[in-house]
$ cat input-v4.cif   # mmCIF, C-alpha atoms
data_my_file
loop_
_atom_site.label_atom_id
_atom_site.label_comp_id
_atom_site.auth_asym_id
_atom_site.auth_seq_id
_atom_site.Cartn_x
_atom_site.Cartn_y
_atom_site.Cartn_z
CA MET A 1 0.00 0.00 0.00
CA THR A 2 1.23 3.47 -0.83
CA LEU A 3 0.85 5.83 2.06
CA MET A 4 0.04 9.41 1.26
CA VAL A 5 2.40 11.36 3.48
CA ARG A 6 1.12 14.89 3.64
CA THR A 7 0.99 17.58 6.21
CA PRO A 8 -2.28 17.24 8.11
CA ARG A 9 -4.44 20.32 8.07
CA VAL A 10 -6.82 21.10 10.91
CA ALA A 11 -9.50 23.76 11.15
CA ILE A 12 -10.22 25.03 14.66
CA ALA A 13 -13.53 26.78 15.23
CA VAL A 14 -13.29 29.89 17.39
CA PHE A 15 -16.36 31.18 19.19
CA PRO A 16 -16.52 34.34 21.30
CA GLY A 17 -15.30 32.94 24.61
CA SER A 18 -13.29 29.98 23.28
CA TRP A 19 -10.02 29.62 25.17
CA SER A 20 -8.33 26.44 23.97
CA GLU A 21 -8.05 27.22 20.27
CA ARG A 22 -4.46 28.49 20.54
CA ASP A 23 -3.38 25.46 22.54
CA PHE A 24 -4.75 23.20 19.80
CA ALA A 25 -3.05 25.35 17.15
CA HIS A 26 0.22 25.27 19.13
CA VAL A 27 0.20 21.49 19.32
CA ALA A 28 -0.71 21.16 15.65
CA GLU A 29 1.83 23.67 14.35
CA SER A 30 4.70 23.79 16.82
CA VAL A 31 4.70 20.27 18.23
CA LEU A 32 3.63 18.35 15.14
CA GLY A 33 4.42 20.63 12.22
CA TRP A 34 0.86 20.50 10.89
CA GLU A 35 -1.14 23.31 9.38
CA ALA A 36 -3.74 24.85 11.66
CA ARG A 37 -6.33 27.38 10.70
CA LEU A 38 -8.46 29.28 13.19
CA VAL A 39 -11.97 29.78 11.82
CA TRP A 40 -14.12 32.51 13.35
CA HIS A 41 -17.56 31.20 14.25
CA ALA A 42 -19.37 33.73 12.06
CA ASP A 43 -17.46 32.52 8.99
CA GLY A 44 -19.14 29.54 7.47
CA GLU A 45 -16.09 28.30 5.59
CA LEU A 46 -13.73 25.77 7.10
CA GLY A 47 -11.45 25.63 4.08
CA THR A 48 -10.28 22.14 3.18
CA PRO A 49 -9.26 20.58 6.47
CA ASP A 50 -8.45 16.96 7.22
CA ALA A 51 -9.98 17.34 10.66
CA VAL A 52 -12.04 19.86 12.61
CA VAL A 53 -11.58 20.89 16.24
CA LEU A 54 -14.21 22.42 18.49
CA PRO A 55 -12.07 23.72 21.35
CA GLY A 56 -12.74 24.33 25.01
CA GLY A 57 -13.83 27.58 26.56
CA PHE A 58 -17.07 29.39 27.24
CA ALA A 59 -18.62 29.99 23.84
CA HIS A 60 -21.02 32.93 23.95
CA GLY A 61 -20.45 33.14 27.69
CA ASP A 62 -22.09 29.75 28.22
CA HIS A 63 -25.32 31.72 28.51
CA LEU A 64 -28.58 29.82 28.65
CA ARG A 65 -26.74 26.47 28.52
CA THR A 66 -23.19 25.56 27.58
CA GLY A 67 -23.03 25.31 23.81
CA ALA A 68 -26.66 26.33 23.33
CA ILE A 69 -25.90 29.51 21.40
CA ALA A 70 -22.76 28.24 19.69
CA ARG A 71 -24.65 25.50 17.92
CA PHE A 72 -26.40 28.14 15.81
CA SER A 73 -23.16 29.82 14.70
CA PRO A 74 -22.68 29.66 10.91
CA VAL A 75 -19.50 27.61 11.31
CA MET A 76 -21.55 24.76 12.78
CA ARG A 77 -23.34 24.18 9.48
CA SER A 78 -19.95 23.55 7.91
CA VAL A 79 -18.88 21.35 10.80
CA GLU A 80 -22.06 19.29 10.46
CA ALA A 81 -21.52 18.91 6.72
CA PHE A 82 -17.89 17.93 7.27
CA ALA A 83 -18.91 15.31 9.82
CA ALA A 84 -21.71 14.05 7.58
CA ALA A 85 -19.11 13.43 4.87
CA GLY A 86 -17.15 11.31 7.33
CA GLY A 87 -14.55 13.91 8.27
CA PRO A 88 -13.01 13.54 11.72
CA VAL A 89 -14.29 16.02 14.31
CA ILE A 90 -13.15 16.37 17.90
CA GLY A 91 -14.94 18.45 20.52
CA SER A 92 -13.08 18.88 23.77
CA CYS A 93 -14.68 20.33 26.90
CA ASN A 94 -16.87 23.19 25.63
CA GLY A 95 -16.55 21.61 22.19
CA PHE A 96 -18.15 18.44 23.58
CA GLN A 97 -20.95 20.57 25.03
CA VAL A 98 -21.48 22.20 21.62
CA LEU A 99 -21.63 18.77 19.93
CA THR A 100 -24.34 17.56 22.30
CA GLU A 101 -26.37 20.76 21.95
CA ALA A 102 -26.08 20.47 18.18
CA GLY A 103 -27.43 16.93 18.36
CA MET A 104 -24.24 15.53 16.83
CA LEU A 105 -23.71 13.45 19.97
CA PRO A 106 -26.38 12.23 22.39
CA GLY A 107 -26.84 13.38 25.98
CA ALA A 108 -26.01 16.64 27.70
CA LEU A 109 -23.45 18.10 30.10
CA LEU A 110 -24.65 19.68 33.32
CA ARG A 111 -23.17 21.38 36.38
CA ASN A 112 -20.67 19.21 38.22
CA ASP A 113 -22.44 17.41 41.05
CA HIS A 114 -20.31 19.17 43.69
CA LEU A 115 -20.87 22.56 42.01
CA GLU A 116 -17.12 23.23 41.94
CA TYR A 117 -14.99 24.04 38.95
CA ARG A 118 -12.52 21.18 38.68
CA CYS A 119 -9.06 21.69 37.17
CA ASP A 120 -6.77 18.70 37.63
CA TRP A 121 -5.06 15.75 36.02
CA GLN A 122 -7.51 12.91 35.59
CA SER A 123 -7.05 9.22 34.96
CA LEU A 124 -9.15 7.87 32.12
CA ARG A 125 -9.72 4.36 30.89
CA VAL A 126 -9.73 3.90 27.13
CA GLU A 127 -12.48 1.57 25.96
CA ARG A 128 -12.91 0.08 22.51
CA PRO A 129 -10.72 2.69 20.78
CA GLY A 130 -11.56 1.06 17.47
CA ALA A 131 -14.96 2.77 17.69
CA ALA A 132 -13.16 6.09 17.12
CA PRO A 133 -10.23 5.06 14.92
CA ALA A 134 -9.32 8.54 13.74
CA TRP A 135 -8.82 9.82 17.29
CA LEU A 136 -7.97 6.80 19.40
CA GLY A 137 -6.46 4.36 16.93
CA ASP A 138 -3.05 4.43 18.61
CA LEU A 139 -4.49 3.65 22.05
CA ALA A 140 -5.19 0.23 23.50
CA ASP A 141 -8.44 -1.11 24.87
CA GLY A 142 -8.39 -0.89 28.65
CA GLU A 143 -5.29 1.23 29.03
CA VAL A 144 -5.31 4.10 31.50
CA ILE A 145 -4.18 7.52 30.34
CA SER A 146 -3.92 10.84 32.13
CA LEU A 147 -5.29 14.09 30.73
CA PRO A 148 -6.14 17.45 32.28
CA ILE A 149 -9.75 18.32 32.95
CA SER A 150 -10.90 21.89 33.45
CA HIS A 151 -14.62 22.41 33.71
CA GLY A 152 -17.57 23.35 35.88
CA GLU A 153 -20.17 21.68 33.71
CA GLY A 154 -18.99 18.24 32.77
CA ARG A 155 -21.59 15.95 34.32
CA TYR A 156 -22.65 13.75 31.44
CA VAL A 157 -26.33 12.81 31.51
CA ALA A 158 -28.61 10.92 29.17
CA ASP A 159 -31.66 8.76 29.73
CA GLU A 160 -31.13 5.12 30.65
CA ALA A 161 -32.04 3.86 27.19
CA THR A 162 -29.47 6.14 25.58
CA LEU A 163 -26.80 5.15 28.09
CA ASP A 164 -27.54 1.47 27.54
CA ALA A 165 -27.36 1.92 23.77
CA LEU A 166 -24.05 3.77 24.02
CA GLU A 167 -22.58 0.99 26.12
CA ARG A 168 -24.02 -1.75 23.92
CA ASP A 169 -22.68 -0.16 20.75
CA GLY A 170 -19.26 0.43 22.28
CA ARG A 171 -19.51 4.18 21.92
CA VAL A 172 -18.32 5.04 25.41
CA VAL A 173 -14.61 5.35 24.65
CA LEU A 174 -13.27 7.23 27.68
CA ARG A 175 -14.29 6.78 31.31
CA TYR A 176 -13.15 8.55 34.48
CA THR A 177 -11.27 6.11 36.68
CA ASP A 178 -8.59 5.96 39.32
CA ALA A 179 -4.98 5.34 38.33
CA ASP A 180 -5.68 1.61 38.20
CA GLY A 181 -8.54 1.99 35.77
CA ARG A 182 -11.33 1.42 38.26
CA VAL A 183 -14.58 3.37 38.01
CA SER A 184 -15.78 4.68 41.37
CA PRO A 185 -17.64 7.68 42.76
CA GLU A 186 -14.33 8.96 44.17
CA ALA A 187 -12.66 8.77 40.77
CA ASN A 188 -15.54 10.55 39.06
CA PRO A 189 -14.70 14.28 39.02
CA ASN A 190 -18.14 15.62 38.15
CA GLY A 191 -20.85 13.04 38.76
CA SER A 192 -21.11 11.90 35.15
CA GLU A 193 -23.46 8.98 34.57
CA ARG A 194 -21.48 5.74 34.56
CA GLY A 195 -18.24 7.72 34.70
CA ILE A 196 -18.56 8.72 31.06
CA ALA A 197 -15.82 11.12 29.94
CA GLY A 198 -15.93 10.68 26.18
CA ILE A 199 -18.28 9.26 23.55
CA VAL A 200 -18.24 8.85 19.81
CA ASN A 201 -21.01 9.01 17.21
CA ALA A 202 -22.30 5.86 15.53
CA ARG A 203 -20.13 6.41 12.48
CA GLY A 204 -17.03 6.76 14.65
CA ASN A 205 -15.73 10.05 13.28
CA VAL A 206 -17.09 12.55 15.84
CA LEU A 207 -15.49 12.35 19.28
CA GLY A 208 -16.62 14.39 22.26
CA LEU A 209 -14.67 14.41 25.51
CA MET A 210 -14.46 16.65 28.54
CA PRO A 211 -10.68 16.30 29.07
CA HIS A 212 -8.13 18.39 27.21
CA PRO A 213 -5.76 16.37 24.99
CA GLU A 214 -4.18 19.60 23.73
CA ARG A 215 -2.95 20.38 27.24
CA ALA A 216 -1.04 17.10 27.46
CA ALA A 217 1.09 17.13 24.35
CA GLU A 218 4.52 18.05 25.68
CA SER A 219 6.43 16.54 28.59
CA GLU A 220 7.17 20.08 29.82
CA VAL A 221 3.52 20.49 30.79
CA GLY A 222 3.36 17.24 32.70
CA GLY A 223 2.23 14.61 30.25
CA THR A 224 2.01 13.58 26.64
CA ASP A 225 -0.95 11.21 26.54
CA GLY A 226 -2.95 13.87 24.71
CA LEU A 227 -0.45 13.88 21.89
CA ARG A 228 -1.40 10.29 21.15
CA LEU A 229 -4.83 11.44 19.93
CA PHE A 230 -3.13 13.71 17.43
CA ARG A 231 -0.75 10.91 16.42
CA SER A 232 -3.73 8.62 15.94
CA LEU A 233 -5.26 11.15 13.59
CA GLU A 234 -2.03 11.53 11.66
CA ARG A 235 -1.73 7.82 11.06
CA TRP A 236 -5.43 7.42 10.31
CA LEU A 237 -5.22 10.15 7.65
CA GLN A 238 -2.26 8.45 6.03
CA GLU A 239 -4.21 5.23 5.80
CA GLN A 240 -7.32 6.81 4.30
CA PRO A 241 -7.28 6.97 0.51
CA ALA A 242 -10.55 8.87 0.63
CA ALA A 243 -9.06 11.57 2.80
CA ALA A 244 -6.07 11.84 0.53
CA GLU A 245 -8.34 12.11 -2.49
CA ARG A 246 -10.38 14.82 -0.85
CA ARG A 247 -7.16 16.72 -0.35
CA LEU A 248 -5.98 16.17 -3.91
CA SER A 249 -9.25 17.21 -5.48
CA SER A 250 -9.55 20.27 -3.28
CA GLY A 251 -5.97 21.32 -3.76
CA MET B 1 -50.17 42.83 19.49
CA ARG B 2 -47.45 42.20 22.01
CA TRP B 3 -47.35 39.15 24.22
CA LEU B 4 -45.38 38.35 27.32
CA ALA B 5 -44.38 34.76 27.94
CA GLU B 6 -42.97 33.78 31.29
CA VAL B 7 -41.01 30.67 30.44
CA HIS B 8 -39.92 28.33 33.22
CA VAL B 9 -37.21 25.83 32.43
CA ALA B 10 -36.53 23.05 34.93
CA LEU B 11 -34.42 19.94 34.96
CA ARG B 12 -36.33 16.78 34.23
CA THR B 13 -37.46 14.68 37.15
CA GLY B 14 -34.75 12.23 38.08
CA ILE B 15 -31.87 14.40 36.90
CA ALA B 16 -29.81 15.45 39.89
CA ASP B 17 -30.00 19.17 40.64
CA PRO B 18 -27.01 19.92 42.89
CA GLU B 19 -27.85 23.61 42.91
CA GLY B 20 -31.33 22.90 44.24
CA GLN B 21 -29.91 20.45 46.78
CA THR B 22 -27.47 23.08 48.04
CA ILE B 23 -30.23 25.66 48.35
CA GLY B 24 -32.33 23.09 50.22
CA SER B 25 -29.48 22.42 52.66
CA ALA B 26 -29.11 26.14 53.26
CA LEU B 27 -32.83 26.53 53.98
CA ARG B 28 -32.75 23.65 56.48
CA ALA B 29 -29.69 25.18 58.11
CA LEU B 30 -31.58 28.47 58.43
CA GLY B 31 -34.29 26.79 60.48
CA TYR B 32 -36.70 25.36 57.94
CA PRO B 33 -36.32 21.67 58.77
CA THR B 34 -39.44 20.69 56.85
CA VAL B 35 -37.89 21.62 53.50
CA SER B 36 -37.59 18.26 51.77
CA GLU B 37 -36.64 19.33 48.28
CA VAL B 38 -35.68 22.36 46.22
CA ARG B 39 -35.50 22.19 42.44
CA SER B 40 -33.80 25.11 40.75
CA GLY B 41 -34.53 26.37 37.26
CA LYS B 42 -34.62 29.37 35.01
CA LEU B 43 -37.21 32.03 34.41
CA MET B 44 -37.20 33.96 31.15
CA ARG B 45 -39.64 36.72 30.26
CA VAL B 46 -40.00 36.96 26.51
CA SER B 47 -41.85 39.90 25.00
CA PHE B 48 -42.77 39.49 21.35
CA GLU B 49 -45.33 40.24 18.63
CA ALA B 50 -47.97 37.81 17.42
CA THR B 51 -51.30 38.23 15.72
CA ASP B 52 -53.37 36.31 18.25
CA HIS B 53 -53.17 34.01 21.26
CA ASP B 54 -52.87 30.81 19.23
CA ALA B 55 -50.04 32.21 17.15
CA ALA B 56 -48.28 33.45 20.28
CA GLU B 57 -48.66 30.05 21.92
CA ALA B 58 -47.23 28.31 18.87
CA THR B 59 -44.30 30.73 18.77
CA VAL B 60 -43.37 30.18 22.43
CA ASP B 61 -43.61 26.44 21.95
CA GLU B 62 -41.24 26.69 19.01
CA MET B 63 -38.83 28.98 20.90
CA CYS B 64 -38.67 26.46 23.72
CA ARG B 65 -38.06 23.53 21.43
CA ARG B 66 -35.42 25.29 19.33
CA LEU B 67 -33.47 27.15 21.99
CA LEU B 68 -34.83 27.87 25.45
CA ALA B 69 -34.87 24.30 26.75
CA ASN B 70 -32.83 21.23 25.91
CA PRO B 71 -35.27 18.32 25.91
CA VAL B 72 -32.47 15.93 26.82
CA MET B 73 -32.48 17.20 30.39
CA GLU B 74 -35.01 20.00 30.68
CA VAL B 75 -38.72 20.66 30.46
CA ALA B 76 -40.25 24.03 29.68
CA SER B 77 -43.58 25.43 30.74
CA TRP B 78 -44.93 28.93 30.30
CA GLN B 79 -47.63 31.41 31.03
CA LEU B 80 -48.70 33.68 28.26
CA ARG B 81 -50.49 37.00 28.54
CA ALA B 82 -50.92 40.19 26.58
CA ASP B 83 -47.99 42.51 27.24
CA GLU B 84 -50.12 45.53 28.13
CA GLN B 85 -47.21 47.61 29.36
CA GLN B 86 -45.36 47.21 26.07
CA ASP B 87 -48.54 47.90 24.10
CA ALA B 88 -49.18 51.06 26.13
CA GLU B 89 -45.63 52.27 25.56
CA ALA B 90 -46.03 51.63 21.85
CA ALA B 91 -49.29 53.62 21.80
CA ASN B 92 -47.89 56.53 23.84
CA PRO B 93 -44.18 56.69 23.14
#
$ encode --input "input-v4.cif" --output "structure tokens"
Amino acid sequence: MTLMVRTPRVAIAVFPGSWSERDFAHVAESVLGWEARLVWHADGELGTPDAVVLPGGFAHGDHLRTGAIARFSPVMRSVEAFAAAGGPVIGSCNGFQVLTEAGMLPGALLRNDHLEYRCDWQSLRVERPGAAPAWLGDLADGEVISLPISHGEGRYVADEATLDALERDGRVVLRYTDADGRVSPEANPNGSERGIAGIVNARGNVLGLMPHPERAAESEVGGTDGLRLFRSLERWLQEQPAAAERRLSSG
Amino acid sequence: MRWLAEVHVALRTGIADPEGQTIGSALRALGYPTVSEVRSGKLMRVSFEATDHDAAEATVDEMCRRLLANPVMEVASWQLRADEQQDAEAANP
């Protein structure tokens, strides 16, 4: 097989109140040598990215509900179209909240059960990474990674039927655990149902997670497990003829 | 004519409301031991134009479904009345 080795290109949506877009761009450009483009929310055009990032922050002040206003931003129509075409999309923290409000992922994210803002390193168990190959392909089923969390509204909720379906279909891909990979109330930083920290859509290309992979991409900041999501994407893109063709045809 | 909708948005039954629980604890601590539950929510007053009551009702319903409440975890209810103050201001600016 001939691998298309190209520089990955990511588009990062920026809403008024986003705060992680530059960290994502830093990792993409300075750590990995990719191309990153910041796309203002009012601009509908993403360009021709290989992947789209919805970063963390407080889009539109988190007014009404987190992500509730952002989902109507023009850029979201492009993000939805990109995802519908199978393009890889990641929503971290506020980006996850936007994805649920937009109906691109099921469930919702509510105030942490203890009402505190929680900013800390968090152990996470990777589950069935093959369900999200573009983002977790380099990770192993059952391994425990450590990523920063930083949120006040990360309590994942959905009705029982939805939770059961997510579990049954293997779409819960990240769970809050202790360092040994055990789920417990003590290891759950926000009261999320079943310790859910990250889920993927049925097609496997849209990943939403509360933790911040972009804040764990250099050893200088305390950990590099987050970088492995970017590396997964890089390898996945190389192995996707369709993605390469999209790039060729779009220039 | 102008209408005023008072829209109440509350978390669905069964979804934990830590804010309400904290308020409930505070009330009990203040000497109201019979307080068994507090559920918190949002109140939004929306003033808008519609031709008649049915149209206004349909508009509020749509506003709630599209933006004001997230049906995944919230339920919306509202009271609708003619916004006489706004109408009076419009008549006598």
$ interface_residues --input "input-v4.cif" --of "chain A" --to "chain B" --cutoff "8 Å" --atoms "all atoms listed in the file" --output "PyMOL selection string"
chain A and resi 64+68-69+101+107-108+111-115+157-159
$ write_last_selection --input "input-v4.cif" --atoms "C-alpha atoms" --output "short mmCIF file (atom, residue, chain, number, x, y, z; two decimals), in the coordinates of the input"
data_model
loop_
_atom_site.label_atom_id
_atom_site.label_comp_id
_atom_site.auth_asym_id
_atom_site.auth_seq_id
_atom_site.Cartn_x
_atom_site.Cartn_y
_atom_site.Cartn_z
CA LEU A 64 -28.58 29.82 28.65
CA ALA A 68 -26.66 26.33 23.33
CA ILE A 69 -25.90 29.51 21.40
CA GLU A 101 -26.37 20.76 21.95
CA GLY A 107 -26.84 13.38 25.98
CA ALA A 108 -26.01 16.64 27.70
CA ARG A 111 -23.17 21.38 36.38
CA ASN A 112 -20.67 19.21 38.22
CA ASP A 113 -22.44 17.41 41.05
CA HIS A 114 -20.31 19.17 43.69
CA LEU A 115 -20.87 22.56 42.01
CA VAL A 157 -26.33 12.81 31.51
CA ALA A 158 -28.61 10.92 29.17
CA ASP A 159 -31.66 8.76 29.73
#
$ resolve_selection --input "input-v4.cif" --expression "the PyMOL selection byres ((chain B and resi 86-91) around 9)" --output "ChimeraX atom specification"
/B:1-4,47,82-85,92-93
$ resolve_selection --input "input-v4.cif" --expression "the PyMOL selection byres ((chain B and resi 41) around 10)" --output "ChimeraX atom specification"
/B:8-11,17,19-20,38-40,42-43,74-76
$ closest_residue --input "input-v4.cif" --among "A:Ala84, A:Leu227, A:Ala134, A:Leu163" --to "Phe24 in chain A" --atoms "only C-alpha atoms"
A:Leu227
$ closest_residue --input "input-v4.cif" --among "B:Leu80, B:Thr13, B:Gly31, B:Ser36" --to "Ala55 in chain B" --atoms "all atoms listed in the file"
B:Leu80
$ atom_distance --input "input-v4.cif" --atom1 "CA of Gly142 in chain A" --atom2 "CA of Ala161 in chain A"
24.2 Å
$ residues_around --input "input-v4.cif" --residues "Thr100 in chain A" --least-positions-apart "6" --cutoff "12 Å" --atoms "all atoms listed in the file" --output "number ranges by chain"
A: 54, 65-68, 70-71, 91-94, 106-110, 154, 156-158, 198-201, 206-210; B: 70-73
$ write_last_selection --input "input-v4.cif" --atoms "C-alpha atoms" --output "compact mmCIF listing (two decimals), keeping the file's coordinate frame"
# COMPACT_ATOMS: atom_id res chain seq x y z
CA LEU A 54 -14.21 22.42 18.49
CA ARG A 65 -26.74 26.47 28.52
CA THR A 66 -23.19 25.56 27.58
CA GLY A 67 -23.03 25.31 23.81
CA ALA A 68 -26.66 26.33 23.33
CA ALA A 70 -22.76 28.24 19.69
CA ARG A 71 -24.65 25.50 17.92
CA GLY A 91 -14.94 18.45 20.52
CA SER A 92 -13.08 18.88 23.77
CA CYS A 93 -14.68 20.33 26.90
CA ASN A 94 -16.87 23.19 25.63
CA PRO A 106 -26.38 12.23 22.39
CA GLY A 107 -26.84 13.38 25.98
CA ALA A 108 -26.01 16.64 27.70
CA LEU A 109 -23.45 18.10 30.10
CA LEU A 110 -24.65 19.68 33.32
CA GLY A 154 -18.99 18.24 32.77
CA TYR A 156 -22.65 13.75 31.44
CA VAL A 157 -26.33 12.81 31.51
CA ALA A 158 -28.61 10.92 29.17
CA GLY A 198 -15.93 10.68 26.18
CA ILE A 199 -18.28 9.26 23.55
CA VAL A 200 -18.24 8.85 19.81
CA ASN A 201 -21.01 9.01 17.21
CA VAL A 206 -17.09 12.55 15.84
CA LEU A 207 -15.49 12.35 19.28
CA GLY A 208 -16.62 14.39 22.26
CA LEU A 209 -14.67 14.41 25.51
CA MET A 210 -14.46 16.65 28.54
CA ASN B 70 -32.83 21.23 25.91
CA PRO B 71 -35.27 18.32 25.91
CA VAL B 72 -32.47 15.93 26.82
CA MET B 73 -32.48 17.20 30.39
$ closest_residue --input "input-v4.cif" --among "A:Pro189, A:Gly195, A:Gly130, A:Pro16" --to "Arg171 in chain A" --atoms "all atoms listed in the file"
A:Gly130
$ atom_distance --input "input-v4.cif" --atom1 "CA of Arg155 in chain A" --atom2 "CA of Ala13 in chain A"
23.4 Å
$ resolve_selection --input "input-v4.cif" --expression "the PyMOL selection byres ((chain B and resi 60) around 9)" --output "PyMOL selection string"
chain B and resi 5+7+46+55-59+61-65+78+80
$ residues_around --input "input-v4.cif" --residues "range 36-39 of chain A" --least-positions-apart "6" --cutoff "7 Å" --atoms "only C-alpha atoms" --output "list in words"
Arg9, Val10, Ala11, Ile12, Ala13, Val14, Ala25, Ala28, Glu29 and Leu46 of chain A
$ build_atoms --input "input-v4.cif" --residues "range 135-157 of chain A" --atoms "N, CA and C atoms" --output "PDB file, in the coordinates of the input"
ATOM      1  N   TRP A 135      -9.299   9.076  16.110  1.00  0.00           N
ATOM      2  CA  TRP A 135      -8.820   9.820  17.290  1.00  0.00           C
ATOM      3  C   TRP A 135      -8.139   8.929  18.311  1.00  0.00           C
ATOM      4  N   LEU A 136      -8.497   7.659  18.335  1.00  0.00           N
ATOM      5  CA  LEU A 136      -7.970   6.800  19.400  1.00  0.00           C
ATOM      6  C   LEU A 136      -7.270   5.562  18.855  1.00  0.00           C
ATOM      7  N   GLY A 137      -7.004   5.560  17.559  1.00  0.00           N
ATOM      8  CA  GLY A 137      -6.460   4.360  16.930  1.00  0.00           C
ATOM      9  C   GLY A 137      -5.131   3.894  17.496  1.00  0.00           C
ATOM     10  N   ASP A 138      -4.360   4.814  18.069  1.00  0.00           N
ATOM     11  CA  ASP A 138      -3.050   4.430  18.610  1.00  0.00           C
ATOM     12  C   ASP A 138      -3.135   4.009  20.075  1.00  0.00           C
ATOM     13  N   LEU A 139      -4.349   4.016  20.631  1.00  0.00           N
ATOM     14  CA  LEU A 139      -4.490   3.650  22.050  1.00  0.00           C
ATOM     15  C   LEU A 139      -5.041   2.244  22.161  1.00  0.00           C
ATOM     16  N   ALA A 140      -4.800   1.631  23.303  1.00  0.00           N
ATOM     17  CA  ALA A 140      -5.190   0.230  23.500  1.00  0.00           C
ATOM     18  C   ALA A 140      -6.430   0.136  24.372  1.00  0.00           C
ATOM     19  N   ASP A 141      -7.237  -0.868  24.081  1.00  0.00           N
ATOM     20  CA  ASP A 141      -8.440  -1.110  24.870  1.00  0.00           C
ATOM     21  C   ASP A 141      -8.050  -1.393  26.318  1.00  0.00           C
ATOM     22  N   GLY A 142      -8.621  -0.649  27.234  1.00  0.00           N
ATOM     23  CA  GLY A 142      -8.390  -0.890  28.650  1.00  0.00           C
ATOM     24  C   GLY A 142      -7.216  -0.150  29.257  1.00  0.00           C
ATOM     25  N   GLU A 143      -6.437   0.525  28.444  1.00  0.00           N
ATOM     26  CA  GLU A 143      -5.290   1.230  29.030  1.00  0.00           C
ATOM     27  C   GLU A 143      -5.758   2.502  29.734  1.00  0.00           C
ATOM     28  N   VAL A 144      -4.974   2.907  30.725  1.00  0.00           N
ATOM     29  CA  VAL A 144      -5.310   4.100  31.500  1.00  0.00           C
ATOM     30  C   VAL A 144      -4.371   5.223  31.102  1.00  0.00           C
ATOM     31  N   ILE A 145      -4.973   6.344  30.710  1.00  0.00           N
ATOM     32  CA  ILE A 145      -4.180   7.520  30.340  1.00  0.00           C
ATOM     33  C   ILE A 145      -4.502   8.653  31.301  1.00  0.00           C
ATOM     34  N   SER A 146      -3.712   9.692  31.245  1.00  0.00           N
ATOM     35  CA  SER A 146      -3.920  10.840  32.130  1.00  0.00           C
ATOM     36  C   SER A 146      -4.005  12.106  31.288  1.00  0.00           C
ATOM     37  N   LEU A 147      -5.092  12.829  31.459  1.00  0.00           N
ATOM     38  CA  LEU A 147      -5.290  14.090  30.730  1.00  0.00           C
ATOM     39  C   LEU A 147      -5.821  15.142  31.704  1.00  0.00           C
ATOM     40  N   PRO A 148      -5.557  16.411  31.433  1.00  0.00           N
ATOM     41  CA  PRO A 148      -6.140  17.450  32.280  1.00  0.00           C
ATOM     42  C   PRO A 148      -7.646  17.596  32.023  1.00  0.00           C
ATOM     43  N   ILE A 149      -8.365  17.867  33.093  1.00  0.00           N
ATOM     44  CA  ILE A 149      -9.750  18.320  32.950  1.00  0.00           C
ATOM     45  C   ILE A 149      -9.804  19.745  33.495  1.00  0.00           C
ATOM     46  N   SER A 150     -10.777  20.497  33.033  1.00  0.00           N
ATOM     47  CA  SER A 150     -10.900  21.890  33.450  1.00  0.00           C
ATOM     48  C   SER A 150     -12.307  22.346  33.115  1.00  0.00           C
ATOM     49  N   HIS A 151     -13.231  22.075  34.029  1.00  0.00           N
ATOM     50  CA  HIS A 151     -14.620  22.410  33.710  1.00  0.00           C
ATOM     51  C   HIS A 151     -15.489  22.506  34.954  1.00  0.00           C
ATOM     52  N   GLY A 152     -16.561  23.266  34.823  1.00  0.00           N
ATOM     53  CA  GLY A 152     -17.570  23.350  35.880  1.00  0.00           C
ATOM     54  C   GLY A 152     -18.839  22.625  35.491  1.00  0.00           C
ATOM     55  N   GLU A 153     -18.939  22.309  34.201  1.00  0.00           N
ATOM     56  CA  GLU A 153     -20.170  21.680  33.710  1.00  0.00           C
ATOM     57  C   GLU A 153     -19.804  20.495  32.837  1.00  0.00           C
ATOM     58  N   GLY A 154     -19.449  19.416  33.511  1.00  0.00           N
ATOM     59  CA  GLY A 154     -18.990  18.240  32.770  1.00  0.00           C
ATOM     60  C   GLY A 154     -19.738  16.973  33.132  1.00  0.00           C
ATOM     61  N   ARG A 155     -20.831  17.138  33.871  1.00  0.00           N
ATOM     62  CA  ARG A 155     -21.590  15.950  34.320  1.00  0.00           C
ATOM     63  C   ARG A 155     -22.415  15.416  33.146  1.00  0.00           C
ATOM     64  N   TYR A 156     -21.962  14.308  32.597  1.00  0.00           N
ATOM     65  CA  TYR A 156     -22.650  13.750  31.440  1.00  0.00           C
ATOM     66  C   TYR A 156     -23.947  13.067  31.880  1.00  0.00           C
ATOM     67  N   VAL A 157     -25.039  13.448  31.237  1.00  0.00           N
ATOM     68  CA  VAL A 157     -26.330  12.810  31.510  1.00  0.00           C
ATOM     69  C   VAL A 157     -27.001  12.424  30.194  1.00  0.00           C
TER      70      VAL A 157
END
